[in-house]
Amino acid sequence: MKKIIALVMSATVIMGTLAGCGSSQPKTNEEKKETKNFSVAMVTDTGGVSDQSFNQSSWEGLQEFSRKTGAKVSYLESKQETDYSTNLDKLVDSGNNLIWGIGFAMADAILNAAKINKDVNYAIVDNSYGDNTPENVTGVTFRAEEPSFLVGYIAGKTTKTGRVGFVGGIKSPVIDQFQYGYQAGVLYASKELGKPINVDVQYAESFSDASKGKAIANKMFSAGCDIVFHAAGGTGVGVIDAAKEAGKFAIGVDRDQSYLAPDNVLTSALKLVNVAVAKVSEEAMNGNKIGGKTYTYGLKEGAVGIPKENKNVKPEVYEATIKLEEKIKDGSIVVPFDEKTYNEFKNKL
């Protein structure tokens, strides 16, 4: 990830403390031998490891974890949902100490695998089993509505047509966070400006169909949207391509996606899956108990945010956005994460 706000960079240390990372003292030869024998693997969802989004970010987190500790890391890609269980079984057979499932779509497969292999530790990104979390499963979730609110505010302050869009991958509580957080940010900007701003919403029903993402975005641009935010994994790459061809703006997700189209990515809603995956994996390697619970990360933990700089965002808009970020962190603004909380937010605004 090329550019990340200072908050996010500095808070990596904070996350390590919150997650209870092990000692940073130099390892003995015996300890180094043990870490080299520790192996962590992940199974991607159908977006694949090069989705320019959360699968890729997760893999980068494991690679960083490996560089830091000497542990072995690997991955298997899922071409379709029926691959989830098979791939998880393969990683068990390979003797991995910790197995990650990337994405909420793998929730059932992870749960079933954990019940069968009670001596294997599992972790999943973007899903929590709440009070029913098995002792050998760890959930990792993010308050994705928070950075979505920030990019929604930027979109509302930047749009010239008064019409912006949102393209989701597959409808779920996780993607609801992005959608309704974004809509709330646009609404907040609308109230400040004293004029209505419409938000078009459409789902692609896929996280890997870039052509469909492009088609949806093209339709939105033709209808008058000049900015489209995507929370659609690999499908969202098509949204960015459409913005580039139309001379409009797209808003990236999970990582700073400005490198895909420097002139046409307005900003990105950062969700640092890589940091969380690395931290939790190190927790497991250090012998700390990670199972039976969920780690939740947001602005306070430095695990979400927006890029520090983007030539496409006006300086005054960026500065106003950072002030809103502080209000979210101190609780002055509570960002909605679904339709119900959005309607409540709207009625109070």
# chains A, B, ... in the order shown; residues from 1 in each chain; ligands from 1
call {"tool": "residues_around", "arguments": {"residues": "Gly130 in chain A", "least_positions_apart": "2", "cutoff": "12 Å", "atoms": "only C-alpha atoms", "output": "PyMOL selection string"}}
result
chain A and resi 127-128+132-135+137-141+291-296
call {"tool": "residues_around", "arguments": {"residues": "range 196-210 of chain A", "least_positions_apart": "3", "cutoff": "9 Å", "atoms": "only C-alpha atoms", "output": "PyMOL selection string"}}
result
chain A and resi 45-48+51+156+159+161-171+179+183+186-187+189-191+193+213-216+220+225+228+231-239+241
call {"tool": "residues_around", "arguments": {"residues": "Gln177 in chain A", "least_positions_apart": "5", "cutoff": "6 Å", "atoms": "only C-alpha atoms", "output": "ChimeraX atom specification"}}
result
/A:144-145,337
call {"tool": "write_last_selection", "arguments": {"atoms": "N, CA, C and O atoms", "output": "compact mmCIF listing (two decimals), in the first residue's frame"}}
result
# COMPACT_ATOMS: atom_id res chain seq x y z
N ALA A 144 -15.99 -1.09 9.24
CA ALA A 144 -15.78 -0.56 7.90
C ALA A 144 -16.66 0.63 7.59
O ALA A 144 -16.39 1.39 6.65
N GLU A 145 -17.71 0.81 8.38
CA GLU A 145 -18.57 1.97 8.18
C GLU A 145 -17.83 3.29 8.44
O GLU A 145 -18.20 4.34 7.89
N PHE A 337 -24.31 1.46 10.43
CA PHE A 337 -23.71 0.30 9.76
C PHE A 337 -24.74 -0.57 9.04
O PHE A 337 -24.38 -1.55 8.41
call {"tool": "residues_around", "arguments": {"residues": "Lys244 in chain A", "least_positions_apart": "2", "cutoff": "10 Å", "atoms": "only C-alpha atoms", "output": "list in words"}}
result
Gly238, Val239, Ile240, Asp241, Ala242, Ala246, Gly247, Lys248, Phe249, Ala250, Leu260, Ala261, Pro262, Asp263, Asn264 and Val265 of chain A
call {"tool": "write_last_selection", "arguments": {"atoms": "N, CA, C and O atoms", "output": "CSV table (one decimal), in the first residue's frame"}}
result
chain,number,residue,atom,x,y,z
A,238,GLY,N,-13.3,-3.2,-12.1
A,238,GLY,CA,-14.0,-2.8,-13.3
A,238,GLY,C,-14.6,-1.4,-13.1
A,238,GLY,O,-14.7,-0.6,-14.0
A,239,VAL,N,-15.0,-1.1,-11.8
A,239,VAL,CA,-15.5,0.2,-11.5
A,239,VAL,C,-14.5,1.3,-11.7
A,239,VAL,O,-14.7,2.3,-12.3
A,240,ILE,N,-13.3,1.0,-11.3
A,240,ILE,CA,-12.2,1.9,-11.5
A,240,ILE,C,-11.8,2.1,-13.0
A,240,ILE,O,-11.5,3.2,-13.5
A,241,ASP,N,-11.9,1.0,-13.7
A,241,ASP,CA,-11.6,1.1,-15.2
A,241,ASP,C,-12.7,2.0,-15.8
A,241,ASP,O,-12.3,2.8,-16.7
A,242,ALA,N,-13.9,1.8,-15.4
A,242,ALA,CA,-15.0,2.6,-16.0
A,242,ALA,C,-14.8,4.1,-15.7
A,242,ALA,O,-15.0,4.9,-16.6
A,246,ALA,N,-14.3,7.0,-18.5
A,246,ALA,CA,-15.3,8.1,-18.5
A,246,ALA,C,-14.8,9.4,-18.1
A,246,ALA,O,-15.5,10.4,-18.2
A,247,GLY,N,-13.6,9.5,-17.5
A,247,GLY,CA,-13.1,10.7,-17.0
A,247,GLY,C,-13.8,11.1,-15.8
A,247,GLY,O,-13.9,12.3,-15.5
A,248,LYS,N,-14.2,10.2,-15.0
A,248,LYS,CA,-14.9,10.4,-13.7
A,248,LYS,C,-14.1,9.9,-12.6
A,248,LYS,O,-12.9,9.5,-12.8
A,249,PHE,N,-14.7,9.9,-11.4
A,249,PHE,CA,-13.9,9.5,-10.2
A,249,PHE,C,-14.5,8.2,-9.7
A,249,PHE,O,-15.7,8.0,-9.6
A,250,ALA,N,-13.6,7.3,-9.2
A,250,ALA,CA,-14.0,6.1,-8.4
A,250,ALA,C,-13.4,6.3,-7.1
A,250,ALA,O,-12.4,7.0,-6.9
A,260,LEU,N,-4.1,2.2,-9.4
A,260,LEU,CA,-4.8,1.6,-10.5
A,260,LEU,C,-5.2,2.7,-11.5
A,260,LEU,O,-5.4,2.4,-12.7
A,261,ALA,N,-5.4,3.9,-11.1
A,261,ALA,CA,-5.8,5.0,-11.9
A,261,ALA,C,-5.6,6.3,-11.2
A,261,ALA,O,-6.5,6.9,-10.6
A,262,PRO,N,-4.4,6.8,-11.2
A,262,PRO,CA,-4.0,8.0,-10.4
A,262,PRO,C,-4.8,9.2,-10.6
A,262,PRO,O,-5.1,10.0,-9.7
A,263,ASP,N,-5.3,9.4,-11.8
A,263,ASP,CA,-6.1,10.6,-12.1
A,263,ASP,C,-7.6,10.4,-11.8
A,263,ASP,O,-8.4,11.4,-11.9
A,264,ASN,N,-8.0,9.2,-11.5
A,264,ASN,CA,-9.4,8.9,-11.5
A,264,ASN,C,-9.9,8.2,-10.2
A,264,ASN,O,-11.1,7.9,-10.0
A,265,VAL,N,-8.9,7.9,-9.3
A,265,VAL,CA,-9.3,7.4,-7.9
A,265,VAL,C,-9.3,8.6,-7.0
A,265,VAL,O,-8.2,9.2,-6.7
call {"tool": "closest_residue", "arguments": {"among": "A:Glu282, A:Glu339, A:Asp126, A:Glu309", "to": "Phe104 in chain A", "atoms": "only C-alpha atoms"}}
result
A:Asp126
call {"tool": "closest_atom_pairs", "arguments": {"of": "range 58-94 of chain A", "to": "range 105-117 of chain A", "cutoff": "12 Å", "atoms": "only C-alpha atoms", "output": "JSON lines"}}
result
{"residue": "A:Ser78", "atom": "CA", "partner": "A:Met106", "partner_atom": "CA", "distance": 10.3}
{"residue": "A:Gln80", "atom": "CA", "partner": "A:Ala105", "partner_atom": "CA", "distance": 10.9}
{"residue": "A:Glu81", "atom": "CA", "partner": "A:Ala105", "partner_atom": "CA", "distance": 8.1}
{"residue": "A:Thr82", "atom": "CA", "partner": "A:Ala109", "partner_atom": "CA", "distance": 9.4}
{"residue": "A:Asp83", "atom": "CA", "partner": "A:Ala109", "partner_atom": "CA", "distance": 9.7}
{"residue": "A:Tyr84", "atom": "CA", "partner": "A:Ala109", "partner_atom": "CA", "distance": 6.3}
{"residue": "A:Ser85", "atom": "CA", "partner": "A:Ala109", "partner_atom": "CA", "distance": 5.5}
{"residue": "A:Thr86", "atom": "CA", "partner": "A:Ala109", "partner_atom": "CA", "distance": 9.3}
{"residue": "A:Asn87", "atom": "CA", "partner": "A:Ala109", "partner_atom": "CA", "distance": 9.9}
{"residue": "A:Leu88", "atom": "CA", "partner": "A:Ala113", "partner_atom": "CA", "distance": 7.2}
{"residue": "A:Asp89", "atom": "CA", "partner": "A:Ala113", "partner_atom": "CA", "distance": 7.6}
{"residue": "A:Lys90", "atom": "CA", "partner": "A:Ala113", "partner_atom": "CA", "distance": 11.1}
{"residue": "A:Leu91", "atom": "CA", "partner": "A:Ala113", "partner_atom": "CA", "distance": 10.8}
{"residue": "A:Val92", "atom": "CA", "partner": "A:Asn117", "partner_atom": "CA", "distance": 8.2}
{"residue": "A:Asp93", "atom": "CA", "partner": "A:Asn117", "partner_atom": "CA", "distance": 10.6}
call {"tool": "closest_residue", "arguments": {"among": "A:Ile328, A:Ile124, A:Val174, A:Ala243", "to": "Lys219 in chain A", "atoms": "only C-alpha atoms"}}
result
A:Ala243
call {"tool": "closest_residue", "arguments": {"among": "A:Gly152, A:Gly302, A:Gly287, A:Pro307", "to": "Ala184 in chain A", "atoms": "only C-alpha atoms"}}
result
A:Gly152
